[in-house]
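Okay, query04.cif now, which holds mmCIF, C-alpha atoms:
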```cif
data_target
loop_
_atom_site.group_PDB
_atom_site.id
_atom_site.type_symbol
_atom_site.label_atom_id
_atom_site.label_comp_id
_atom_site.auth_asym_id
_atom_site.auth_seq_id
_atom_site.Cartn_x
_atom_site.Cartn_y
_atom_site.Cartn_z
ATOM 1 C CA MET A 22 97.902 89.533 12.572
ATOM 2 C CA PRO A 23 99.501 86.049 12.686
ATOM 3 C CA PHE A 24 97.724 82.928 11.618
ATOM 4 C CA CYS A 25 96.347 81.095 14.648
ATOM 5 C CA LEU A 26 95.541 77.417 15.077
ATOM 6 C CA HIS A 27 93.832 76.476 18.335
ATOM 7 C CA LEU A 28 94.694 72.960 19.505
ATOM 8 C CA ALA A 29 92.838 70.986 22.131
ATOM 9 C CA GLU A 30 94.306 67.983 23.960
ATOM 10 C CA ARG A 31 92.979 65.594 21.301
ATOM 11 C CA ASP A 32 94.727 67.634 18.605
ATOM 12 C CA LEU A 33 98.066 67.339 20.381
ATOM 13 C CA LEU A 34 97.594 63.578 20.631
ATOM 14 C CA ASN A 35 96.846 63.421 16.887
ATOM 15 C CA CYS A 36 99.794 65.476 15.656
ATOM 16 C CA ARG A 37 101.954 63.614 13.137
ATOM 17 C CA PHE A 38 104.718 64.145 10.589
ATOM 18 C CA ALA A 39 104.300 63.405 6.892
ATOM 19 C CA ILE A 40 106.277 63.673 3.667
ATOM 20 C CA SER A 41 104.556 64.626 0.433
ATOM 21 C CA PRO A 42 106.114 64.247 -3.022
ATOM 22 C CA LEU A 43 103.090 66.098 -4.426
ATOM 23 C CA TRP A 44 103.717 69.011 -2.081
ATOM 24 C CA GLU A 45 107.375 69.171 -3.155
ATOM 25 C CA THR A 46 106.248 69.167 -6.792
ATOM 26 C CA GLN A 47 103.839 72.043 -6.211
ATOM 27 C CA GLU A 48 106.462 74.043 -4.328
ATOM 28 C CA ALA A 49 109.103 73.301 -6.974
ATOM 29 C CA VAL A 50 106.741 74.836 -9.546
ATOM 30 C CA ARG A 51 106.205 77.816 -7.251
ATOM 31 C CA THR A 52 109.954 78.205 -6.697
ATOM 32 C CA LEU A 53 110.584 78.552 -10.431
ATOM 33 C CA ALA A 54 108.553 81.769 -10.363
ATOM 34 C CA ARG A 55 109.938 83.124 -7.067
ATOM 35 C CA PRO A 56 113.512 84.520 -7.354
ATOM 36 C CA GLU A 57 113.609 85.081 -3.596
ATOM 37 C CA ARG A 58 113.610 81.283 -3.162
ATOM 38 C CA HIS A 59 116.444 80.583 -5.595
ATOM 39 C CA ALA A 60 119.462 80.987 -3.319
ATOM 40 C CA TYR A 61 119.618 77.393 -2.070
ATOM 41 C CA HIS A 62 118.433 75.823 -5.331
ATOM 42 C CA LEU A 63 120.760 77.214 -8.006
ATOM 43 C CA PRO A 64 122.271 73.799 -8.963
ATOM 44 C CA TRP A 65 118.756 72.355 -9.319
ATOM 45 C CA LEU A 66 117.588 75.363 -11.328
ATOM 46 C CA ARG A 67 120.505 74.953 -13.731
ATOM 47 C CA ARG A 68 119.871 71.227 -14.154
ATOM 48 C CA THR A 69 116.145 71.643 -14.768
ATOM 49 C CA ARG A 70 116.216 74.816 -16.894
ATOM 50 C CA GLN A 71 115.552 73.054 -20.180
ATOM 51 C CA ALA A 72 112.911 70.727 -18.715
ATOM 52 C CA ALA A 73 111.125 73.615 -17.023
ATOM 53 C CA ALA A 74 111.087 75.631 -20.251
ATOM 54 C CA SER A 75 109.245 72.769 -21.982
ATOM 55 C CA LEU A 76 106.318 72.944 -19.515
ATOM 56 C CA ASP A 77 103.447 75.430 -19.670
ATOM 57 C CA LEU A 78 103.001 76.035 -15.953
ATOM 58 C CA ARG A 79 100.946 79.228 -16.277
ATOM 59 C CA PRO A 80 97.641 77.665 -15.082
ATOM 60 C CA LEU A 81 99.361 76.516 -11.884
ATOM 61 C CA TRP A 82 101.136 79.837 -11.382
ATOM 62 C CA ALA A 83 97.815 81.665 -11.825
ATOM 63 C CA LEU A 84 96.562 79.860 -8.710
ATOM 64 C CA MET A 85 99.679 80.672 -6.645
ATOM 65 C CA PRO A 86 99.270 84.321 -5.572
ATOM 66 C CA PRO A 87 102.265 85.705 -3.643
ATOM 67 C CA GLY A 88 99.977 86.337 -0.695
ATOM 68 C CA GLY A 89 96.629 84.846 0.151
ATOM 69 C CA HIS A 90 94.904 81.588 -0.616
ATOM 70 C CA SER A 91 96.227 78.769 -2.800
ATOM 71 C CA PRO A 92 93.844 75.916 -3.712
ATOM 72 C CA ASP A 93 93.967 73.188 -1.076
ATOM 73 C CA PHE A 94 92.678 70.509 -3.450
ATOM 74 C CA VAL A 95 95.821 70.803 -5.593
ATOM 75 C CA CYS A 96 97.900 69.487 -2.726
ATOM 76 C CA PRO A 97 95.889 67.652 -0.040
ATOM 77 C CA MET A 98 97.878 66.491 2.946
ATOM 78 C CA PRO A 99 99.110 62.890 2.696
ATOM 79 C CA SER A 100 97.169 60.301 4.645
ATOM 80 C CA GLY A 101 100.316 58.649 6.003
ATOM 81 C CA PRO A 102 104.119 58.893 6.131
ATOM 82 C CA GLY A 103 104.712 56.706 3.088
ATOM 83 C CA SER A 104 102.408 58.293 0.499
ATOM 84 C CA CYS A 105 103.594 58.016 -3.088
ATOM 85 C CA PHE A 106 103.068 60.611 -5.786
ATOM 86 C CA GLU A 107 100.561 58.519 -7.750
ATOM 87 C CA GLU A 108 98.323 58.066 -4.682
ATOM 88 C CA GLU A 109 98.378 61.765 -3.919
ATOM 89 C CA LEU A 110 97.671 62.720 -7.530
ATOM 90 C CA ALA A 111 94.693 60.355 -7.606
ATOM 91 C CA ARG A 112 93.184 62.348 -4.728
ATOM 92 C CA VAL A 113 93.592 65.543 -6.762
ATOM 93 C CA ARG A 114 91.869 63.983 -9.772
ATOM 94 C CA SER A 115 88.923 62.878 -7.619
ATOM 95 C CA THR A 116 88.146 66.426 -6.412
ATOM 96 C CA PRO A 117 84.448 67.279 -6.994
ATOM 97 C CA ALA A 118 83.958 70.080 -9.515
ATOM 98 C CA ASP A 119 82.060 72.341 -7.106
ATOM 99 C CA VAL A 120 84.779 72.015 -4.442
ATOM 100 C CA ALA A 121 87.488 72.779 -6.970
ATOM 101 C CA ARG A 122 85.631 75.783 -8.358
ATOM 102 C CA ALA A 123 85.181 77.382 -4.919
ATOM 103 C CA ASP A 124 88.827 76.691 -4.041
ATOM 104 C CA MET A 125 90.109 78.221 -7.293
ATOM 105 C CA ALA A 126 87.815 81.244 -6.971
ATOM 106 C CA ALA A 127 89.247 81.948 -3.502
ATOM 107 C CA ALA A 128 92.781 81.843 -4.919
ATOM 108 C CA LEU A 129 91.969 83.981 -7.953
ATOM 109 C CA ALA A 130 90.366 86.584 -5.690
ATOM 110 C CA CYS A 131 93.866 87.177 -4.262
ATOM 111 C CA THR A 132 95.284 88.073 -7.699
ATOM 112 C CA PRO A 133 95.154 91.484 -9.412
ATOM 113 C CA GLU A 134 92.749 90.250 -12.118
ATOM 114 C CA GLY A 135 90.518 88.349 -9.719
ATOM 115 C CA THR A 136 87.965 85.876 -11.037
ATOM 116 C CA GLY A 137 86.984 88.201 -13.880
ATOM 117 C CA GLY A 138 90.274 88.046 -15.752
ATOM 118 C CA ARG A 139 90.735 85.940 -18.860
ATOM 119 C CA THR A 140 92.815 83.315 -17.057
ATOM 120 C CA GLY A 141 90.387 83.086 -14.162
ATOM 121 C CA GLN A 142 87.381 82.760 -16.432
ATOM 122 C CA ALA A 143 89.076 79.964 -18.383
ATOM 123 C CA LEU A 144 89.917 78.039 -15.215
ATOM 124 C CA LEU A 145 86.437 78.415 -13.724
ATOM 125 C CA ALA A 146 84.434 77.796 -16.904
ATOM 126 C CA ASP A 147 84.779 74.014 -16.689
ATOM 127 C CA PRO A 148 86.151 73.137 -13.236
ATOM 128 C CA ALA A 149 85.982 69.372 -13.797
ATOM 129 C CA ARG A 150 88.165 69.698 -16.872
ATOM 130 C CA THR A 151 90.465 72.147 -15.085
ATOM 131 C CA VAL A 152 91.030 69.649 -12.260
ATOM 132 C CA GLN A 153 92.278 67.051 -14.747
ATOM 133 C CA HIS A 154 94.419 69.610 -16.581
ATOM 134 C CA LEU A 155 96.051 70.790 -13.366
ATOM 135 C CA ALA A 156 96.679 67.168 -12.366
ATOM 136 C CA ASP A 157 98.289 66.551 -15.772
ATOM 137 C CA LEU A 158 100.561 69.573 -15.261
ATOM 138 C CA LEU A 159 101.565 68.402 -11.787
ATOM 139 C CA GLN A 160 102.331 64.955 -13.176
ATOM 140 C CA ALA A 161 104.500 66.441 -15.927
ATOM 141 C CA ALA A 162 106.271 68.685 -13.410
ATOM 142 C CA TRP A 163 106.919 65.708 -11.113
ATOM 143 C CA HIS A 164 108.526 63.659 -13.884
ATOM 144 C CA ALA A 165 110.579 66.558 -15.259
ATOM 145 C CA LEU A 166 111.601 68.500 -12.169
ATOM 146 C CA VAL A 167 111.304 66.457 -9.002
ATOM 147 C CA GLU A 168 111.301 62.708 -9.644
ATOM 148 C CA PRO A 169 114.944 62.618 -10.855
ATOM 149 C CA GLU A 170 115.951 64.294 -7.577
ATOM 150 C CA TRP A 171 113.474 62.511 -5.313
ATOM 151 C CA PRO A 172 115.920 60.049 -3.689
ATOM 152 C CA ARG A 173 118.076 62.979 -2.546
ATOM 153 C CA LEU A 174 115.054 65.023 -1.436
ATOM 154 C CA ARG A 175 113.400 62.085 0.326
ATOM 155 C CA THR A 176 116.579 61.334 2.278
ATOM 156 C CA LEU A 177 116.754 64.896 3.575
ATOM 157 C CA LEU A 178 113.031 64.990 4.421
ATOM 158 C CA GLU A 179 113.116 61.638 6.220
ATOM 159 C CA ALA A 180 116.175 62.730 8.188
ATOM 160 C CA ASP A 181 114.263 65.833 9.280
ATOM 161 C CA VAL A 182 111.284 63.758 10.428
ATOM 162 C CA ALA A 183 113.561 61.372 12.332
ATOM 163 C CA HIS A 184 115.299 64.274 14.086
ATOM 164 C CA HIS A 185 112.165 66.177 15.005
ATOM 165 C CA SER A 186 110.338 63.031 16.106
ATOM 166 C CA ARG A 187 113.138 62.491 18.622
ATOM 167 C CA ARG A 188 112.933 66.120 19.705
ATOM 168 C CA LEU A 189 109.168 65.834 20.170
ATOM 169 C CA ALA A 190 109.745 62.931 22.560
ATOM 170 C CA GLU A 191 112.502 64.840 24.377
ATOM 171 C CA VAL A 192 111.092 68.360 24.747
ATOM 172 C CA GLY A 193 107.369 68.210 23.874
ATOM 173 C CA PHE A 194 105.268 69.997 21.291
ATOM 174 C CA ALA A 195 105.563 73.555 22.656
ATOM 175 C CA ARG A 196 109.356 73.643 22.370
ATOM 176 C CA LEU A 197 109.452 71.584 19.188
ATOM 177 C CA VAL A 198 107.486 74.071 17.090
ATOM 178 C CA GLY A 199 109.992 76.819 17.864
ATOM 179 C CA GLU A 200 112.747 74.551 16.574
ATOM 180 C CA LEU A 201 110.868 73.882 13.328
ATOM 181 C CA SER A 202 110.982 77.592 12.467
ATOM 182 C CA PRO A 203 111.433 80.900 14.310
ATOM 183 C CA ARG A 204 108.124 81.936 12.742
ATOM 184 C CA LEU A 205 106.258 79.390 14.868
ATOM 185 C CA ALA A 206 105.279 79.800 18.518
ATOM 186 C CA PHE A 207 102.954 77.760 20.744
ATOM 187 C CA GLU A 208 101.379 79.323 23.816
ATOM 188 C CA ASP A 209 98.042 78.978 25.619
ATOM 189 C CA ALA A 210 97.004 76.065 23.361
ATOM 190 C CA THR A 211 97.454 78.271 20.270
ATOM 191 C CA LEU A 212 99.969 77.816 17.467
ATOM 192 C CA ARG A 213 100.838 81.197 15.936
ATOM 193 C CA ILE A 214 102.504 81.572 12.561
ATOM 194 C CA ARG A 215 104.252 84.873 11.871
ATOM 195 C CA GLY A 216 104.983 86.243 8.434
ATOM 196 C CA MET A 217 101.877 84.995 6.600
ATOM 197 C CA ARG A 218 99.554 87.495 4.964
ATOM 198 C CA GLY A 219 95.925 87.856 5.957
ATOM 199 C CA ASP A 220 94.011 86.578 8.964
ATOM 200 C CA HIS A 221 93.327 82.929 9.609
ATOM 201 C CA THR A 222 91.998 81.436 12.810
ATOM 202 C CA ARG A 223 91.002 77.804 12.997
ATOM 203 C CA VAL A 224 89.877 75.582 15.860
ATOM 204 C CA LEU A 225 91.124 72.127 14.936
ATOM 205 C CA GLY A 226 88.443 70.260 16.849
ATOM 206 C CA GLY A 227 90.391 67.055 17.432
ATOM 207 C CA GLN A 228 91.579 66.506 13.834
ATOM 208 C CA GLY A 229 95.177 66.981 14.881
ATOM 209 C CA LEU A 230 97.900 68.688 12.893
ATOM 210 C CA VAL A 231 100.134 67.383 10.110
ATOM 211 C CA LEU A 232 103.711 68.706 10.228
ATOM 212 C CA VAL A 233 105.347 68.557 6.789
ATOM 213 C CA PRO A 234 109.007 69.374 6.088
ATOM 214 C CA SER A 235 109.669 70.866 2.654
ATOM 215 C CA ALA A 236 112.830 71.691 0.759
ATOM 216 C CA PHE A 237 111.209 74.067 -1.705
ATOM 217 C CA CYS A 238 109.073 76.147 0.683
ATOM 218 C CA TRP A 239 112.112 77.913 2.217
ATOM 219 C CA PRO A 240 112.069 80.566 3.663
ATOM 220 C CA ASP A 241 108.294 80.384 4.148
ATOM 221 C CA VAL A 242 106.144 78.577 6.668
ATOM 222 C CA ILE A 243 102.818 77.666 5.079
ATOM 223 C CA SER A 244 99.453 76.855 6.593
ATOM 224 C CA GLY A 245 95.842 77.907 6.251
ATOM 225 C CA TYR A 246 94.128 74.740 5.066
ATOM 226 C CA GLU A 247 90.368 75.273 5.214
ATOM 227 C CA PRO A 248 87.762 72.607 6.070
ATOM 228 C CA PRO A 249 87.324 69.875 5.005
ATOM 229 C CA TRP A 250 91.071 69.647 4.413
ATOM 230 C CA GLN A 251 93.382 68.315 7.118
ATOM 231 C CA PRO A 252 95.041 71.140 9.106
ATOM 232 C CA ALA A 253 98.753 71.294 8.347
ATOM 233 C CA VAL A 254 101.899 73.348 8.801
ATOM 234 C CA VAL A 255 104.619 73.107 6.162
ATOM 235 C CA TYR A 256 108.057 74.254 7.332
ATOM 236 C CA PRO A 257 111.569 74.450 5.799
ATOM 237 C CA VAL A 258 113.528 71.221 6.105
ATOM 238 C CA ARG A 259 116.755 71.036 8.130
ATOM 239 C CA GLY A 260 120.007 70.880 6.184
ATOM 240 C CA ILE A 261 118.772 72.619 3.053
ATOM 241 C CA GLY A 262 122.144 74.357 2.654
ATOM 242 C CA GLY A 263 123.792 71.064 1.690
ATOM 243 C CA LEU A 264 120.900 69.633 -0.326
ATOM 244 C CA TRP A 265 122.412 69.990 -3.802
ATOM 245 C CA THR A 266 126.063 69.548 -2.823
ATOM 246 C CA ARG A 267 127.783 66.201 -2.807
ATOM 247 C CA SER A 268 129.914 65.455 0.227
ATOM 248 C CA SER A 269 133.581 65.203 -0.702
ATOM 249 C CA ALA A 270 135.025 65.040 2.810
ATOM 250 C CA ALA A 271 137.419 62.118 3.151
ATOM 251 C CA ALA A 272 137.454 59.967 6.256
ATOM 252 C CA PRO A 273 140.192 60.943 8.728
ATOM 253 C CA GLU A 274 143.320 58.858 8.193
ATOM 254 C CA PRO A 275 143.350 57.370 11.722
ATOM 255 C CA LEU A 276 139.740 56.258 11.291
ATOM 256 C CA ALA A 277 140.474 54.793 7.859
ATOM 257 C CA ALA A 278 143.391 52.869 9.367
ATOM 258 C CA LEU A 279 141.160 51.550 12.143
ATOM 259 C CA LEU A 280 138.040 50.597 10.156
ATOM 260 C CA GLY A 281 139.207 50.420 6.561
ATOM 261 C CA ARG A 282 138.701 53.289 4.119
ATOM 262 C CA ALA A 283 135.359 52.135 2.685
ATOM 263 C CA ARG A 284 133.781 51.422 6.090
ATOM 264 C CA ALA A 285 135.117 54.696 7.495
ATOM 265 C CA GLY A 286 133.644 56.482 4.479
ATOM 266 C CA VAL A 287 130.219 55.002 5.214
ATOM 267 C CA LEU A 288 130.411 56.192 8.823
ATOM 268 C CA CYS A 289 131.504 59.708 7.814
ATOM 269 C CA ALA A 290 128.811 59.996 5.134
ATOM 270 C CA LEU A 291 126.063 59.693 7.753
ATOM 271 C CA ASP A 292 125.875 63.383 8.637
ATOM 272 C CA GLU A 293 122.114 62.864 8.355
ATOM 273 C CA PRO A 294 120.206 59.578 8.710
ATOM 274 C CA SER A 295 120.267 57.737 5.378
ATOM 275 C CA THR A 296 119.282 54.445 3.777
ATOM 276 C CA THR A 297 121.537 51.827 2.246
ATOM 277 C CA THR A 298 120.507 52.877 -1.270
ATOM 278 C CA ASP A 299 121.154 56.556 -0.596
ATOM 279 C CA LEU A 300 124.617 55.856 0.809
ATOM 280 C CA ALA A 301 125.453 53.585 -2.111
ATOM 281 C CA ARG A 302 124.604 56.356 -4.556
ATOM 282 C CA VAL A 303 126.545 59.045 -2.686
ATOM 283 C CA LEU A 304 129.621 56.855 -2.162
ATOM 284 C CA SER A 305 129.487 55.091 -5.582
ATOM 285 C CA LEU A 306 129.527 51.690 -3.886
ATOM 286 C CA ALA A 307 127.431 48.591 -4.456
ATOM 287 C CA PRO A 308 124.380 48.473 -2.144
ATOM 288 C CA SER A 309 125.451 45.013 -0.975
ATOM 289 C CA SER A 310 128.845 46.395 0.119
ATOM 290 C CA VAL A 311 127.244 49.319 1.934
ATOM 291 C CA SER A 312 124.800 46.962 3.649
ATOM 292 C CA ALA A 313 127.665 44.809 4.912
ATOM 293 C CA HIS A 314 129.531 47.856 6.248
ATOM 294 C CA LEU A 315 126.392 49.161 7.965
ATOM 295 C CA SER A 316 125.825 45.819 9.654
ATOM 296 C CA VAL A 317 129.356 45.773 11.081
ATOM 297 C CA LEU A 318 129.184 49.410 12.216
ATOM 298 C CA ARG A 319 125.847 48.823 13.916
ATOM 299 C CA SER A 320 127.132 45.706 15.685
ATOM 300 C CA ALA A 321 130.078 47.764 16.947
ATOM 301 C CA GLY A 322 127.732 50.327 18.496
ATOM 302 C CA LEU A 323 128.600 53.092 16.036
ATOM 303 C CA LEU A 324 125.203 53.215 14.311
ATOM 304 C CA THR A 325 121.533 52.803 15.113
ATOM 305 C CA SER A 326 118.733 51.977 12.685
ATOM 306 C CA ARG A 327 115.024 52.723 12.632
ATOM 307 C CA ARG A 328 112.295 51.786 10.188
ATOM 308 C CA TYR A 329 110.395 54.538 8.371
ATOM 309 C CA GLY A 330 107.620 52.979 6.291
ATOM 310 C CA HIS A 331 109.342 50.432 4.025
ATOM 311 C CA ARG A 332 112.763 52.040 4.422
ATOM 312 C CA VAL A 333 115.419 51.681 7.133
ATOM 313 C CA LEU A 334 117.340 54.804 8.161
ATOM 314 C CA TYR A 335 120.811 54.517 9.694
ATOM 315 C CA ALA A 336 122.229 57.184 12.007
ATOM 316 C CA ARG A 337 125.430 57.538 13.974
ATOM 317 C CA THR A 338 125.469 57.007 17.737
ATOM 318 C CA PRO A 339 127.362 59.546 19.885
ATOM 319 C CA LEU A 340 130.399 57.239 19.725
ATOM 320 C CA GLY A 341 130.110 57.010 15.945
ATOM 321 C CA THR A 342 129.886 60.792 15.691
ATOM 322 C CA ALA A 343 132.965 61.197 17.871
ATOM 323 C CA LEU A 344 134.954 58.773 15.717
ATOM 324 C CA ALA A 345 133.774 60.365 12.467
ATOM 325 C CA GLY A 346 135.096 63.721 13.671
ATOM 326 C CA ALA A 347 138.434 62.368 14.893
ATOM 327 C CA GLU A 348 141.503 63.922 13.284
ATOM 328 C CA GLY A 349 144.235 62.196 15.190
#
```
Could you write out this file's structure as structure tokens?
Amino acid sequence: MPFCLHLAERDLLNCRFAISPLWETQEAVRTLARPERHAYHLPWLRRTRQAAASLDLRPLWALMPPGGHSPDFVCPMPSGPGSCFEEELARVRSTPADVARADMAAALACTPEGTGGRTGQALLADPARTVQHLADLLQAAWHALVEPEWPRLRTLLEADVAHHSRRLAEVGFARLVGELSPRLAFEDATLRIRGMRGDHTRVLGGQGLVLVPSAFCWPDVISGYEPPWQPAVVYPVRGIGGLWTRSSAAAPEPLAALLGRARAGVLCALDEPSTTTDLARVLSLAPSSVSAHLSVLRSAGLLTSRRYGHRVLYARTPLGTALAGAEG
């Protein structure tokens, strides 16, 4: 039976997108232990092999059963679109011991050993201490595995939110969820999630729903947050196939002749909305030079810009896209 989330009108009004560096850290740890997730992440796996081998991630893996419950307190949904890792980790560290113990026991019950195994007993014996230990492991995993790649990941995640926010305005929630993943369907005020194990039915009661793109959750769609945690659906980000590849496509010669090679390169690099800093890194140009090119391209009607938290994302207009694809 699919997971079901029942949304009232107030829930639809309170739906929002969010990006979570803590979530990506948790799912990066999970991906290390899941070969079925490796296909899109082989370059990252090769780069992080030595760093991953230096971490003892077994306590986290013990709470990540292939099917069933994972502790919600380890990765609470971000309170806003611009949450930073340190803020999210502070929420983990503040989890009450009794809440953590119940959450971990529910996860361990989905494992072959259950709560009576040696690992489970060790985790449950002192839940307050376990909370801090798990937070320490997540912090170490963030610094070793995710933080060095965060600018690239954040750019892809923000581009996904920008795209789907536009689609929400254009087609509404019911059609949007089907575009997030083929495993999602919305009908009769109920969001159904196919492919998840177990039964889960939740009436949101006006809390709304947080929609979270994730690079590392592919191919899964994840939900099932229990009260008091914020209801959420985590779905695979758009464009994951090109996440770890660096664009090497040169600007078409006619476009380079028209705009100049550097400015044409900036326009062609905007396959997904990006910031000045991200473009500077990809193109190996000074941020000041990229900023100047973006300003000219925007003034010419080839780009638009929108603010996302403290960052400004640039995207091509239809005219800019047509020029970027011109071959002659």
- Task: Run through the PyMOL selection byres ((chain A and resi 250) around 10) on the given coordinates and return the selected residues as a PyMOL selection string.
- Result: chain A and resi 93-94+96-98+228+245-249+251-253
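When the distance limit is 10 Å and all atoms listed in the file are what count, the residues near Gly286 in chain A, minus those fewer than 6 positions from it on the same chain, are Ala270, Ala271, Ala272, Pro273, Leu276, Ala277, Leu280, Leu300, Leu304, Val311, His314 and Ala345 of chain A.
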- Written as number ranges by chain, what is the full residue list that the PyMOL selection byres ((chain A and resi 221-226) around 12) yields on the file shown? A: 22-36, 89-90, 210-215, 217-220, 227-231, 243-253
- Item | Between CA of Gly263 in chain A and CA of Pro87 in chain A - distance in Å to one decimal |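 Taking CA of Pro87 in chain A as the start and CA of Gly263 in chain A as the end point, the length is 26.6 Å.
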Check which residues satisfy the PyMOL selection byres ((chain A and resi 197) around 12) in the file shown, then give them as a PDB file with C-alpha atoms, in the frame of the given file.
```pdb
ATOM      1  CA  CYS A  36      99.794  65.476  15.656  1.00  0.00           C
ATOM      2  CA  VAL A 182     111.284  63.758  10.428  1.00  0.00           C
ATOM      3  CA  HIS A 184     115.299  64.274  14.086  1.00  0.00           C
ATOM      4  CA  HIS A 185     112.165  66.177  15.005  1.00  0.00           C
ATOM      5  CA  SER A 186     110.338  63.031  16.106  1.00  0.00           C
ATOM      6  CA  ARG A 187     113.138  62.491  18.622  1.00  0.00           C
ATOM      7  CA  ARG A 188     112.933  66.120  19.705  1.00  0.00           C
ATOM      8  CA  LEU A 189     109.168  65.834  20.170  1.00  0.00           C
ATOM      9  CA  ALA A 190     109.745  62.931  22.560  1.00  0.00           C
ATOM     10  CA  GLU A 191     112.502  64.840  24.377  1.00  0.00           C
ATOM     11  CA  VAL A 192     111.092  68.360  24.747  1.00  0.00           C
ATOM     12  CA  GLY A 193     107.369  68.210  23.874  1.00  0.00           C
ATOM     13  CA  PHE A 194     105.268  69.997  21.291  1.00  0.00           C
ATOM     14  CA  ALA A 195     105.563  73.555  22.656  1.00  0.00           C
ATOM     15  CA  ARG A 196     109.356  73.643  22.370  1.00  0.00           C
ATOM     16  CA  VAL A 198     107.486  74.071  17.090  1.00  0.00           C
ATOM     17  CA  GLY A 199     109.992  76.819  17.864  1.00  0.00           C
ATOM     18  CA  GLU A 200     112.747  74.551  16.574  1.00  0.00           C
ATOM     19  CA  LEU A 201     110.868  73.882  13.328  1.00  0.00           C
ATOM     20  CA  SER A 202     110.982  77.592  12.467  1.00  0.00           C
ATOM     21  CA  PRO A 203     111.433  80.900  14.310  1.00  0.00           C
ATOM     22  CA  LEU A 205     106.258  79.390  14.868  1.00  0.00           C
ATOM     23  CA  ALA A 206     105.279  79.800  18.518  1.00  0.00           C
ATOM     24  CA  PHE A 207     102.954  77.760  20.744  1.00  0.00           C
ATOM     25  CA  LEU A 212      99.969  77.816  17.467  1.00  0.00           C
ATOM     26  CA  LEU A 232     103.711  68.706  10.228  1.00  0.00           C
TER      27      LEU A 232
END
```
